[in-house]
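**Q** Okay, handing you the structure first.
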Amino acid sequence: MAQAVVPAMQCQVGAVRARPAAAGAAGRVWGVRRSGRGTSGFRVMAVSTETTGVVTRMEQLLNMDTTPFTDKIIAEYIWVGGTGIDLRSKSRTISKPVEDPSELPKWNYDGSSTGQAPGEDSEVILYPQAIFKDPFRGGNNILVMCDTYTPAGEPIPTNKRNRAAQVFSDPKVVSQVPWFGIEQEYTLLQRDVNWPLGWPVGGYPGPQGPYYCAVGSDKSFGRDISDAHYKACLYAGINISGTNGEVMPGQWEYQVGPSVGIEAGDHIWISRYILERITEQAGVVLTLDPKPIQGDWNGAGCHTNYSTKSMREDGGFEVIKKAILNLSLRHDLHISAYGEGNERRLTGLHETASIDNFSWGVANRGCSIRVGRDTEAKGKGYLEDRRPASNMDPYVVTALLAETTILWEPTLEAEVLAAKKLALKV
Ligand code: ADP
Ligand code: MN
Ligand code: MN
Ligand code: MN
């Protein structure tokens with residue numbers, strides 16, 4: 001079933017054919033006699049032109065269905081590392097297939113190696129929180145989104161999920177059934193040179209214009225990665241809703257949602273993990289930097305589309321306007337939580353609003369918050385927060401949106417002033 005792995009595998013095999021040096025290792029693992037070669041540990045790099053049979057066997061092993069032979073499954077425990085944006089994972093055997101994260105054991109790792117704990121007290125505990133089908137291993141194997149705690153059970157500082165789960169279990173928030181549709185933009189880079197895919201090394205492509213949603217080998221770069229990721233996400237059970245090529249060549253987007261509450265964060269993090277794995281196989285570097293190339297090139301964002309139950313019901317536009325008013329009063333707080341380096345992206349150019357000023361508008365892509373034509377026409381719907389950067393933490397952004405618009409109330413004076421400033425009647 002793990003079809004998504006096949007094109008990417010071929011990609012890797014193709015890329016390493018020129019490196020036969022460690023072929024002996026492959027020979028050793030599969031019992032193919034290759035005398036006179038090195039015997040260092042097993043590496044995928046072992047594949048060479050002379051060992052096409054080995055390539056096939058490698059694929060056979062990677063795609064092997066273990067279910068007729070054992071009940072045991074592999075669970076890949078995944079967590080957010082010490083920078084708050086890096087993903088880490090390790091695998092363990094579980095005695096039988098599981099359907100709910102509560103069936104899985106807690107686990108631990110060396111937090112001093114991820115910048116999350118001091119060396120003398122290095123243990124960080126992983127709590128399984130959400131499970132997905134593993135598109136790489138197939139079968140009953142799973143990916144497990146975890147969050148991180150001290151041995152005493154306190155969430156560690158980089159555990160943003162814990163706080164978000166609190167917000168999303170608040171009865172007021174629960175009753176508003178918050179939906180999030182997140183547009184994850186990302187940029188693919190050529191390995192070693194760290195320059196976008198499809199760009200001449202040391203040079204630039206023609207100016208932006210022909211690349212957005214484009215087809216053709218001179219305009220679209222990395223479609224196989226975007227497509228492999230799309231299918232792998234569907235297989236995993238991620239609520240992925242679409243993809244498109246972006247304005248800057250080598251840049252792509254996918255959307256996840258609408259998802260309810262904490263699920264939005266879990267799905268985005270796992271979708272990022274899958275993207276890291278696919279780019280790893282393809283030998284391409286993924287960056288979520290919000291402005292990978294300075295100058296007249298679009299940055300990368302993570303527009304967050306948001307609605308509550310009352311926004312989706314008749315009269316919802318009034319609720320949306322009140323939410324916009326609240327958001328305007330907490331602009332600085334939101335900006336500080338919307339990703340590192342976002343000031344390089346939110347310049348007021350390239351379909352962004354300036355980082356210093358809050359603005360909103362109907363169908364206006366130069367605003368902080370955009371309301372769609374459809375929402376205006378129907379008088380209900382959702383808003384799009386265009387400020388979050390591609391490297392934002394979806395737990396932080398979704399929880400803050402819910403908190404500011406459902407739980408937080410400004411003073412009456414502040415509200416009157418803000419309403420005037422934004423020309424909003426509420
Ligand atoms: P854009 O026009 O800004 O490029 P996209 O089509 O890329 O927008 O993404 C819009 C996202 O908004 C999708 O993920 C979609 O599922 C989500 N969405 C649609 N309706 C709602 C809603 N009522 N609340 C929250 N998100 C929504
Ligand atoms: Mn979009
Ligand atoms: Mn986009
Ligand atoms: Mn958008």
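In the structure tokens, chains take the letters A, B, ... in the order shown, each chain's residues start at 1, and ligands count up from 1 in the order shown.
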Would you mind listing what lies within 12 Å of A:Asn244 as an MDAnalysis selection string, with only C-alpha atoms counted and same-chain residues fewer than 2 positions away left out?

**A** chainID A and resid 183:186 211:215 220:223 225:227 230 241:242 246:255

**Q** Can you list every residue of stretch 111-225 of chain A that has an atom at most 8 Å from stretch 93-104 of chain A, with its nearest atom pair and the distance in Å to one decimal, using only C-alpha atoms, ordered by chain then number, as a Markdown table?

**A**
```
| residue | atom | partner | partner_atom | distance |
| --- | --- | --- | --- | --- |
| A:Pro128 | CA | A:Pro101 | CA | 5.6 |
| A:Gln129 | CA | A:Pro101 | CA | 5.7 |
| A:Ala130 | CA | A:Pro101 | CA | 5.6 |
| A:Ile131 | CA | A:Pro101 | CA | 6.0 |
| A:Asn140 | CA | A:Pro97 | CA | 6.0 |
| A:Asn141 | CA | A:Pro97 | CA | 7.5 |
| A:Val144 | CA | A:Pro101 | CA | 7.7 |
```

**Q** Skipping near chain neighbours, those fewer than 5 positions away, what residues fall within 12 Å of stretch 291-298 of chain A using only C-alpha atoms, listed as a tab-separated table (two decimals) with all heavy atoms, in the first residue's frame?

**A**
```
chain	number	residue	atom	x	y	z
A	185	GLU	N	2.93	27.01	3.18
A	185	GLU	CA	3.85	27.23	2.07
A	185	GLU	C	5.25	26.76	2.47
A	185	GLU	O	5.61	26.82	3.64
A	185	GLU	CB	3.89	28.71	1.68
A	185	GLU	CG	2.55	29.17	1.09
A	185	GLU	CD	2.50	30.63	0.71
A	185	GLU	OE1	3.33	31.41	1.20
A	185	GLU	OE2	1.62	31.00	-0.08
A	186	TYR	N	6.02	26.29	1.48
A	186	TYR	CA	7.38	25.83	1.76
A	186	TYR	C	8.24	25.99	0.52
A	186	TYR	O	7.73	26.11	-0.60
A	186	TYR	CB	7.39	24.36	2.22
A	186	TYR	CG	6.83	23.36	1.22
A	186	TYR	CD1	7.68	22.67	0.34
A	186	TYR	CD2	5.47	23.09	1.14
A	186	TYR	CE1	7.18	21.75	-0.57
A	186	TYR	CE2	4.96	22.17	0.23
A	186	TYR	CZ	5.82	21.50	-0.62
A	186	TYR	OH	5.32	20.59	-1.53
A	187	THR	N	9.55	25.98	0.72
A	187	THR	CA	10.48	26.16	-0.39
A	187	THR	C	11.42	24.97	-0.44
A	187	THR	O	11.88	24.48	0.59
A	187	THR	CB	11.30	27.46	-0.18
A	187	THR	OG1	10.39	28.52	0.10
A	187	THR	CG2	12.11	27.80	-1.42
A	188	LEU	N	11.67	24.49	-1.66
A	188	LEU	CA	12.59	23.37	-1.87
A	188	LEU	C	13.93	23.91	-2.34
A	188	LEU	O	13.99	24.78	-3.23
A	188	LEU	CB	12.01	22.42	-2.92
A	188	LEU	CG	10.67	21.78	-2.54
A	188	LEU	CD1	10.09	21.00	-3.72
A	188	LEU	CD2	10.82	20.88	-1.32
A	189	LEU	N	14.99	23.41	-1.72
A	189	LEU	CA	16.33	23.87	-2.07
A	189	LEU	C	17.18	22.73	-2.61
A	189	LEU	O	17.03	21.58	-2.18
A	189	LEU	CB	17.05	24.44	-0.84
A	189	LEU	CG	16.36	25.57	-0.08
A	189	LEU	CD1	17.18	25.93	1.17
A	189	LEU	CD2	16.18	26.81	-0.96
A	194	ASN	N	22.11	25.05	-1.25
A	194	ASN	CA	21.04	25.79	-0.58
A	194	ASN	C	20.45	26.90	-1.44
A	194	ASN	O	20.31	28.03	-1.00
A	194	ASN	CB	21.53	26.35	0.76
A	194	ASN	CG	21.40	25.31	1.86
A	194	ASN	OD1	20.76	24.28	1.67
A	194	ASN	ND2	22.01	25.57	3.00
A	195	TRP	N	20.13	26.56	-2.65
A	195	TRP	CA	19.56	27.51	-3.61
A	195	TRP	C	18.30	26.85	-4.17
A	195	TRP	O	18.29	25.63	-4.35
A	195	TRP	CB	20.60	27.77	-4.69
A	195	TRP	CG	20.42	29.00	-5.52
A	195	TRP	CD1	20.34	29.04	-6.88
A	195	TRP	CD2	20.33	30.36	-5.08
A	195	TRP	NE1	20.19	30.33	-7.31
A	195	TRP	CE2	20.19	31.16	-6.22
A	195	TRP	CE3	20.34	30.98	-3.82
A	195	TRP	CZ2	20.06	32.55	-6.16
A	195	TRP	CZ3	20.22	32.36	-3.76
A	195	TRP	CH2	20.08	33.13	-4.91
A	196	PRO	N	17.22	27.63	-4.42
A	196	PRO	CA	15.95	26.96	-4.74
A	196	PRO	C	16.02	26.00	-5.93
A	196	PRO	O	16.78	26.20	-6.87
A	196	PRO	CB	15.01	28.14	-5.04
A	196	PRO	CG	15.59	29.28	-4.28
A	196	PRO	CD	17.08	29.08	-4.30
A	199	TRP	N	16.42	26.78	-9.89
A	199	TRP	CA	17.16	28.03	-10.11
A	199	TRP	C	18.58	27.69	-10.57
A	199	TRP	O	19.20	26.76	-10.05
A	199	TRP	CB	17.25	28.85	-8.82
A	199	TRP	CG	15.96	29.43	-8.34
A	199	TRP	CD1	14.72	28.86	-8.41
A	199	TRP	CD2	15.79	30.70	-7.70
A	199	TRP	NE1	13.78	29.69	-7.85
A	199	TRP	CE2	14.40	30.82	-7.40
A	199	TRP	CE3	16.64	31.74	-7.33
A	199	TRP	CZ2	13.88	31.95	-6.77
A	199	TRP	CZ3	16.11	32.86	-6.70
A	199	TRP	CH2	14.74	32.97	-6.43
A	203	GLY	N	22.79	31.95	-9.88
A	203	GLY	CA	22.04	32.92	-10.68
A	203	GLY	C	20.57	32.92	-10.32
A	203	GLY	O	20.16	32.30	-9.34
A	204	TYR	N	19.81	33.65	-11.11
A	204	TYR	CA	18.39	33.80	-10.83
A	204	TYR	C	17.54	33.38	-12.03
A	204	TYR	O	17.97	33.52	-13.18
A	204	TYR	CB	18.07	35.26	-10.50
A	204	TYR	CG	18.68	35.70	-9.19
A	204	TYR	CD1	20.01	36.13	-9.12
A	204	TYR	CD2	17.92	35.68	-8.02
A	204	TYR	CE1	20.56	36.52	-7.91
A	204	TYR	CE2	18.46	36.07	-6.81
A	204	TYR	CZ	19.79	36.49	-6.76
A	204	TYR	OH	20.34	36.87	-5.56
A	205	PRO	N	16.33	32.90	-11.78
A	205	PRO	CA	15.42	32.63	-12.90
A	205	PRO	C	14.79	33.93	-13.37
A	205	PRO	O	15.02	34.98	-12.75
A	205	PRO	CB	14.36	31.72	-12.26
A	205	PRO	CG	14.34	32.10	-10.82
A	205	PRO	CD	15.72	32.61	-10.47
A	206	GLY	N	13.99	33.87	-14.42
A	206	GLY	CA	13.27	35.06	-14.86
A	206	GLY	C	12.32	35.52	-13.77
A	206	GLY	O	11.96	34.75	-12.87
A	207	PRO	N	11.90	36.79	-13.80
A	207	PRO	CA	11.07	37.34	-12.73
A	207	PRO	C	9.75	36.59	-12.52
A	207	PRO	O	9.28	35.89	-13.42
A	207	PRO	CB	10.81	38.78	-13.18
A	207	PRO	CG	11.22	38.87	-14.60
A	207	PRO	CD	12.18	37.76	-14.86
A	208	GLN	N	9.19	36.76	-11.33
A	208	GLN	CA	7.94	36.10	-10.96
A	208	GLN	C	6.82	36.49	-11.92
A	208	GLN	O	6.82	37.58	-12.48
A	208	GLN	CB	7.57	36.50	-9.53
A	208	GLN	CG	8.51	35.93	-8.51
A	208	GLN	CD	8.10	36.23	-7.07
A	208	GLN	OE1	8.57	35.58	-6.17
A	208	GLN	NE2	7.22	37.18	-6.87
A	209	GLY	N	5.90	35.60	-12.08
A	209	GLY	CA	4.77	35.84	-13.00
A	209	GLY	C	4.31	34.52	-13.59
A	209	GLY	O	3.16	34.12	-13.40
A	211	TYR	N	5.09	31.43	-12.75
A	211	TYR	CA	5.31	30.21	-11.96
A	211	TYR	C	4.10	29.74	-11.15
A	211	TYR	O	3.93	28.55	-10.92
A	211	TYR	CB	6.51	30.40	-11.03
A	211	TYR	CG	7.74	30.92	-11.75
A	211	TYR	CD1	8.20	32.22	-11.52
A	211	TYR	CD2	8.42	30.13	-12.66
A	211	TYR	CE1	9.32	32.70	-12.18
A	211	TYR	CE2	9.54	30.60	-13.33
A	211	TYR	CZ	9.98	31.89	-13.09
A	211	TYR	OH	11.08	32.37	-13.74
A	212	TYR	N	3.28	30.68	-10.67
A	212	TYR	CA	2.16	30.33	-9.79
A	212	TYR	C	1.20	29.36	-10.49
A	212	TYR	O	0.73	29.63	-11.60
A	212	TYR	CB	1.43	31.62	-9.39
A	212	TYR	CG	0.12	31.43	-8.67
A	212	TYR	CD1	0.09	30.97	-7.36
A	212	TYR	CD2	-1.08	31.72	-9.30
A	212	TYR	CE1	-1.12	30.80	-6.69
A	212	TYR	CE2	-2.29	31.56	-8.65
A	212	TYR	CZ	-2.31	31.10	-7.35
A	212	TYR	OH	-3.50	30.93	-6.70
A	246	GLU	N	3.63	27.72	-6.15
A	246	GLU	CA	3.57	29.11	-5.66
A	246	GLU	C	4.19	30.12	-6.62
A	246	GLU	O	4.72	29.77	-7.66
A	246	GLU	CB	4.21	29.19	-4.27
A	246	GLU	CG	3.19	29.00	-3.14
A	246	GLU	CD	2.03	30.00	-3.22
A	246	GLU	OE1	2.19	31.07	-3.83
A	246	GLU	OE2	0.94	29.69	-2.66
A	247	VAL	N	4.12	31.38	-6.21
A	247	VAL	CA	4.55	32.51	-7.04
A	247	VAL	C	6.07	32.48	-7.29
A	247	VAL	O	6.54	32.72	-8.39
A	247	VAL	CB	4.14	33.83	-6.34
A	247	VAL	CG1	4.68	35.04	-7.10
A	247	VAL	CG2	2.61	33.90	-6.21
A	248	MET	N	6.81	32.14	-6.22
A	248	MET	CA	8.27	32.03	-6.38
A	248	MET	C	8.60	30.63	-6.88
A	248	MET	O	8.13	29.65	-6.31
A	248	MET	CB	8.98	32.27	-5.03
A	248	MET	CG	10.48	32.35	-5.19
A	248	MET	SD	11.36	32.47	-3.62
A	248	MET	CE	11.90	30.78	-3.40
A	249	PRO	N	9.40	30.51	-7.95
A	249	PRO	CA	9.72	29.18	-8.45
A	249	PRO	C	10.45	28.34	-7.38
A	249	PRO	O	11.33	28.86	-6.68
A	249	PRO	CB	10.63	29.45	-9.66
A	249	PRO	CG	11.05	30.88	-9.56
A	249	PRO	CD	10.02	31.59	-8.76
A	250	GLY	N	10.05	27.06	-7.27
A	250	GLY	CA	10.62	26.19	-6.24
A	250	GLY	C	9.83	26.23	-4.94
A	250	GLY	O	10.17	25.55	-3.99
A	251	GLN	N	8.78	27.06	-4.92
A	251	GLN	CA	7.95	27.18	-3.72
A	251	GLN	C	6.58	26.55	-3.98
A	251	GLN	O	6.03	26.70	-5.06
A	251	GLN	CB	7.80	28.65	-3.38
A	251	GLN	CG	7.43	28.92	-1.93
A	251	GLN	CD	7.67	30.39	-1.59
A	251	GLN	OE1	6.83	31.22	-1.90
A	251	GLN	NE2	8.81	30.71	-1.00
A	252	TRP	N	6.07	25.83	-2.96
A	252	TRP	CA	4.81	25.12	-3.06
A	252	TRP	C	3.93	25.41	-1.86
A	252	TRP	O	4.39	25.93	-0.85
A	252	TRP	CB	5.07	23.61	-3.14
A	252	TRP	CG	5.73	23.21	-4.43
A	252	TRP	CD1	7.06	23.27	-4.71
A	252	TRP	CD2	5.07	22.75	-5.62
A	252	TRP	NE1	7.29	22.85	-6.00
A	252	TRP	CE2	6.09	22.53	-6.58
A	252	TRP	CE3	3.75	22.49	-5.98
A	252	TRP	CZ2	5.82	22.06	-7.87
A	252	TRP	CZ3	3.48	22.02	-7.26
A	252	TRP	CH2	4.51	21.82	-8.18
A	286	LEU	N	14.27	20.86	2.47
A	286	LEU	CA	13.05	21.61	2.75
A	286	LEU	C	13.41	22.79	3.65
A	286	LEU	O	14.09	22.62	4.65
A	286	LEU	CB	12.06	20.70	3.49
A	286	LEU	CG	10.86	21.39	4.14
A	286	LEU	CD1	9.90	21.92	3.08
A	286	LEU	CD2	10.14	20.44	5.08
A	339	GLY	N	5.96	33.30	14.21
A	339	GLY	CA	7.10	32.73	13.47
A	339	GLY	C	8.33	33.62	13.51
A	339	GLY	O	8.21	34.85	13.55
A	340	GLU	N	9.49	32.98	13.48
A	340	GLU	CA	10.78	33.67	13.50
A	340	GLU	C	11.10	34.23	12.12
A	340	GLU	O	10.93	33.55	11.12
A	340	GLU	CB	11.90	32.68	13.86
A	340	GLU	CG	11.90	32.20	15.30
A	340	GLU	CD	12.19	33.31	16.30
A	340	GLU	OE1	13.09	34.13	16.01
A	340	GLU	OE2	11.52	33.34	17.34
A	341	GLY	N	11.60	35.47	12.10
A	341	GLY	CA	12.05	36.06	10.83
A	341	GLY	C	10.91	36.60	9.98
A	341	GLY	O	11.11	36.98	8.82
A	342	ASN	N	9.71	36.67	10.58
A	342	ASN	CA	8.54	37.11	9.83
A	342	ASN	C	8.65	38.58	9.39
A	342	ASN	O	8.00	39.00	8.44
A	342	ASN	CB	7.28	36.92	10.70
A	342	ASN	CG	6.03	36.63	9.88
A	342	ASN	OD1	6.09	36.42	8.67
A	342	ASN	ND2	4.88	36.64	10.54
A	343	GLU	N	9.52	39.35	10.10
A	343	GLU	CA	9.69	40.76	9.73
A	343	GLU	C	10.34	40.89	8.35
A	343	GLU	O	10.15	41.89	7.65
A	343	GLU	CB	10.51	41.51	10.80
A	343	GLU	CG	11.98	41.13	10.90
A	343	GLU	CD	12.23	39.77	11.58
A	343	GLU	OE1	11.27	39.21	12.15
A	343	GLU	OE2	13.38	39.27	11.50
A	344	ARG	N	11.08	39.86	7.93
A	344	ARG	CA	11.67	39.89	6.58
A	344	ARG	C	10.61	39.66	5.51
A	344	ARG	O	10.77	40.01	4.36
A	344	ARG	CB	12.77	38.82	6.46
A	344	ARG	CG	14.01	39.13	7.26
A	344	ARG	CD	15.09	38.07	7.07
A	344	ARG	NE	14.89	36.91	7.91
A	344	ARG	CZ	14.70	35.67	7.48
A	344	ARG	NH1	14.69	35.43	6.18
A	344	ARG	NH2	14.50	34.67	8.32
A	345	ARG	N	9.49	39.02	5.91
A	345	ARG	CA	8.43	38.67	4.96
A	345	ARG	C	7.31	39.72	4.93
A	345	ARG	O	6.84	40.11	3.86
A	345	ARG	CB	7.85	37.31	5.34
A	345	ARG	CG	6.52	37.00	4.71
A	345	ARG	CD	6.02	35.62	5.12
A	345	ARG	NE	4.63	35.47	4.75
A	345	ARG	CZ	3.60	35.58	5.60
A	345	ARG	NH1	3.82	35.82	6.88
A	345	ARG	NH2	2.37	35.48	5.17
A	346	LEU	N	6.88	40.19	6.11
A	346	LEU	CA	5.74	41.11	6.18
A	346	LEU	C	6.20	42.54	5.93
A	346	LEU	O	6.30	43.36	6.84
A	346	LEU	CB	5.03	40.99	7.53
A	346	LEU	CG	4.38	39.65	7.83
A	346	LEU	CD1	3.68	39.67	9.19
A	346	LEU	CD2	3.34	39.29	6.75
A	347	THR	N	6.46	42.83	4.66
A	347	THR	CA	7.04	44.13	4.29
A	347	THR	C	5.98	45.09	3.76
A	347	THR	O	6.24	46.28	3.61
A	347	THR	CB	8.07	43.93	3.18
A	347	THR	OG1	7.41	43.28	2.07
A	347	THR	CG2	9.23	43.07	3.63
A	348	GLY	N	4.81	44.56	3.44
A	348	GLY	CA	3.81	45.38	2.76
A	348	GLY	C	3.84	45.14	1.25
A	348	GLY	O	2.97	45.60	0.51
A	349	LEU	N	4.86	44.43	0.78
A	349	LEU	CA	4.95	44.04	-0.64
A	349	LEU	C	4.66	42.55	-0.76
A	349	LEU	O	4.55	41.84	0.23
A	349	LEU	CB	6.35	44.34	-1.19
A	349	LEU	CG	6.80	45.80	-1.14
A	349	LEU	CD1	8.27	45.92	-1.52
A	349	LEU	CD2	5.92	46.66	-2.06
A	350	HIS	N	4.56	42.06	-2.00
A	350	HIS	CA	4.40	40.63	-2.26
A	350	HIS	C	3.21	40.03	-1.52
A	350	HIS	O	3.34	39.03	-0.81
A	350	HIS	CB	5.69	39.85	-1.90
A	350	HIS	CG	6.90	40.40	-2.60
A	350	HIS	ND1	7.92	41.04	-1.93
A	350	HIS	CD2	7.24	40.41	-3.90
A	350	HIS	CE1	8.85	41.42	-2.80
A	350	HIS	NE2	8.45	41.04	-4.00
A	351	GLU	N	2.07	40.64	-1.66
A	351	GLU	CA	0.82	40.13	-1.08
A	351	GLU	C	0.88	40.02	0.44
A	351	GLU	O	0.33	39.10	1.03
A	351	GLU	CB	0.45	38.77	-1.68
A	351	GLU	CG	0.24	38.81	-3.20
A	351	GLU	CD	0.08	37.41	-3.79
A	351	GLU	OE1	-0.73	36.65	-3.25
A	351	GLU	OE2	0.75	37.11	-4.78
A	352	THR	N	1.59	40.93	1.09
A	352	THR	CA	1.58	40.96	2.55
A	352	THR	C	1.23	42.35	3.04
A	352	THR	O	1.30	43.33	2.30
A	352	THR	CB	2.97	40.61	3.15
A	352	THR	OG1	3.89	41.70	2.92
A	352	THR	CG2	3.54	39.32	2.58
A	389	ALA	N	3.86	33.14	9.59
A	389	ALA	CA	4.95	32.74	8.71
A	389	ALA	C	4.91	31.23	8.48
A	389	ALA	O	4.31	30.48	9.26
A	389	ALA	CB	6.29	33.13	9.33
A	390	SER	N	5.60	30.78	7.42
A	390	SER	CA	5.62	29.35	7.11
A	390	SER	C	6.20	28.51	8.25
A	390	SER	O	5.87	27.35	8.40
A	390	SER	CB	6.42	29.11	5.84
A	390	SER	OG	7.64	29.80	5.90
A	391	ASN	N	7.05	29.14	9.10
A	391	ASN	CA	7.67	28.38	10.19
A	391	ASN	C	6.94	28.57	11.52
A	391	ASN	O	7.49	28.30	12.58
A	391	ASN	CB	9.14	28.77	10.34
A	391	ASN	CG	9.32	30.24	10.65
A	391	ASN	OD1	8.35	30.99	10.69
A	391	ASN	ND2	10.56	30.67	10.85
```

**Q** Separation of atom 18 (N, counted along the ligand's line) of ligand 1 and atom CA of A:Val177, in Å?

**A**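 Interatomic distance, atom 18 (N, counted along the ligand's line) of ligand 1 to atom CA of A:Val177: 13.5 Å.
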
**Q** Dump as CSV the rows for residues of chain A within 7 Å of ligand 1: closest atom pair and distance in Å with one decimal, only C-alpha atoms and all ligand atoms counted, ordered by chain and rising residue number.

**A**
```
residue,atom,partner,partner_atom_place_in_ligand_line,distance
A:Trp179,CA,ligand 1,25 (C),4.7
A:Phe180,CA,ligand 1,25 (C),4.4
A:Gly181,CA,ligand 1,14 (O),3.7
A:Ile182,CA,ligand 1,14 (O),5.3
A:Glu183,CA,ligand 1,7 (O),5.5
A:Ser241,CA,ligand 1,14 (O),5.8
A:Gln255,CA,ligand 1,14 (O),4.6
A:Val256,CA,ligand 1,14 (O),5.0
A:Gly257,CA,ligand 1,16 (O),4.4
A:Pro258,CA,ligand 1,16 (O),4.4
A:His303,CA,ligand 1,3 (O),6.9
A:Asn305,CA,ligand 1,26 (N),4.4
A:Tyr306,CA,ligand 1,25 (C),4.0
A:Ser307,CA,ligand 1,24 (N),4.3
A:Arg312,CA,ligand 1,23 (N),6.3
A:Gly381,CA,ligand 1,23 (N),5.1
A:Tyr382,CA,ligand 1,23 (N),4.8
```

**Q** Just the helix (DSSP H, G or I) stuff from stretch 90-208 of chain A, please, per backbone DSSP, written as an MDAnalysis selection string.

**A** chainID A and resid 101:103 111:113 119:121 160:169 171:175

**Q** Deliver the residues from the most recent selection as a file, using N, CA, C and O atoms, as a CSV table (one decimal), in the first residue's frame.

**A**
```csv
chain,number,residue,atom,x,y,z
A,101,PRO,N,-4.2,6.5,20.7
A,101,PRO,CA,-2.9,6.8,21.3
A,101,PRO,C,-2.8,6.3,22.8
A,101,PRO,O,-1.7,6.1,23.3
A,102,SER,N,-4.0,6.2,23.4
A,102,SER,CA,-4.0,5.8,24.8
A,102,SER,C,-3.5,4.4,25.0
A,102,SER,O,-3.1,3.9,26.1
A,103,GLU,N,-3.5,3.6,23.9
A,103,GLU,CA,-3.0,2.2,24.0
A,103,GLU,C,-1.5,2.1,24.0
A,103,GLU,O,-0.9,1.1,24.1
A,111,GLY,N,17.1,14.5,26.1
A,111,GLY,CA,16.8,15.9,25.8
A,111,GLY,C,18.0,16.8,25.7
A,111,GLY,O,18.0,17.8,25.1
A,112,SER,N,19.2,16.3,26.2
A,112,SER,CA,20.4,17.1,26.1
A,112,SER,C,20.9,17.1,24.7
A,112,SER,O,21.7,18.0,24.3
A,113,SER,N,20.5,16.1,23.9
A,113,SER,CA,20.9,16.1,22.4
A,113,SER,C,19.9,16.8,21.5
A,113,SER,O,20.2,16.9,20.3
A,119,GLY,N,22.4,18.2,30.6
A,119,GLY,CA,23.1,16.9,30.5
A,119,GLY,C,22.9,16.0,31.8
A,119,GLY,O,22.8,14.8,31.7
A,120,GLU,N,22.9,16.7,32.9
A,120,GLU,CA,22.9,16.0,34.2
A,120,GLU,C,21.5,15.5,34.5
A,120,GLU,O,21.3,14.6,35.4
A,121,ASP,N,20.5,16.0,33.8
A,121,ASP,CA,19.1,15.5,34.1
A,121,ASP,C,18.4,15.5,32.7
A,121,ASP,O,17.5,16.3,32.5
A,160,LYS,N,4.4,23.2,23.2
A,160,LYS,CA,3.3,24.2,22.9
A,160,LYS,C,1.9,23.5,22.8
A,160,LYS,O,0.9,24.1,22.8
A,161,ARG,N,2.0,22.2,22.6
A,161,ARG,CA,0.7,21.5,22.5
A,161,ARG,C,-0.1,21.5,23.8
A,161,ARG,O,-1.3,21.6,23.7
A,162,ASN,N,0.6,21.3,24.9
A,162,ASN,CA,-0.1,21.2,26.2
A,162,ASN,C,-1.0,22.4,26.4
A,162,ASN,O,-2.2,22.3,26.8
A,163,ARG,N,-0.4,23.6,26.2
A,163,ARG,CA,-1.2,24.9,26.4
A,163,ARG,C,-2.4,24.9,25.4
A,163,ARG,O,-3.5,25.3,25.8
A,164,ALA,N,-2.1,24.6,24.2
A,164,ALA,CA,-3.1,24.6,23.2
A,164,ALA,C,-4.3,23.6,23.5
A,164,ALA,O,-5.5,24.0,23.4
A,165,ALA,N,-3.9,22.5,24.0
A,165,ALA,CA,-5.0,21.5,24.4
A,165,ALA,C,-5.8,22.0,25.5
A,165,ALA,O,-7.0,21.8,25.6
A,166,GLN,N,-5.2,22.8,26.4
A,166,GLN,CA,-6.0,23.5,27.5
A,166,GLN,C,-7.0,24.4,26.9
A,166,GLN,O,-8.2,24.4,27.3
A,167,VAL,N,-6.6,25.3,26.0
A,167,VAL,CA,-7.5,26.3,25.3
A,167,VAL,C,-8.6,25.5,24.6
A,167,VAL,O,-9.8,25.8,24.8
A,168,PHE,N,-8.2,24.5,23.9
A,168,PHE,CA,-9.3,23.8,23.1
A,168,PHE,C,-10.2,22.9,23.9
A,168,PHE,O,-11.1,22.3,23.4
A,169,SER,N,-9.9,22.7,25.2
A,169,SER,CA,-10.8,21.9,26.0
A,169,SER,C,-11.6,22.8,26.9
A,169,SER,O,-12.5,22.4,27.7
A,171,PRO,N,-14.7,24.8,27.9
A,171,PRO,CA,-16.0,24.6,27.5
A,171,PRO,C,-16.5,25.7,26.5
A,171,PRO,O,-17.3,25.4,25.5
A,172,LYS,N,-16.1,27.0,26.7
A,172,LYS,CA,-16.5,28.1,25.8
A,172,LYS,C,-16.0,27.8,24.4
A,172,LYS,O,-16.7,28.1,23.4
A,173,VAL,N,-14.7,27.4,24.3
A,173,VAL,CA,-14.1,27.1,23.0
A,173,VAL,C,-14.7,25.9,22.4
A,173,VAL,O,-15.1,25.9,21.2
A,174,VAL,N,-14.9,24.8,23.2
A,174,VAL,CA,-15.5,23.6,22.7
A,174,VAL,C,-16.9,23.9,22.0
A,174,VAL,O,-17.2,23.4,20.9
A,175,SER,N,-17.7,24.7,22.7
A,175,SER,CA,-19.0,25.0,22.2
A,175,SER,C,-19.0,25.8,20.9
A,175,SER,O,-20.0,25.8,20.2
```

**Q** At a cut-off of 7 Å, using only C-alpha atoms, what residues contact stretch 325-335 of chain A? Leave out same-chain residues fewer than 2 positions from it and give the result as a PyMOL selection string.

**A** chain A and resi 321-323+337-338+358+404-405+410+418-419

**Q** What lies within 8 Å of A:Ser271 using only C-alpha atoms, ignoring chain neighbours under 4 positions off, as a PyMOL selection string?

**A** chain A and resi 233+238+267+275

**Q** To one decimal place in Å, what is the distance between atom CA of A:Met311 and atom CA of A:Pro388?

**A**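 So the two atoms, atom CA of A:Met311 and atom CA of A:Pro388, lie 21.0 Å apart.
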
**Q** Calculated over only C-alpha atoms and all ligand atoms, which of the candidates A:Ser336, A:Gln116, A:Ser354, A:Thr304 has the smallest distance to ligand 2?

**A**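 Of all the options, A:Thr304 lies closest to ligand 2.
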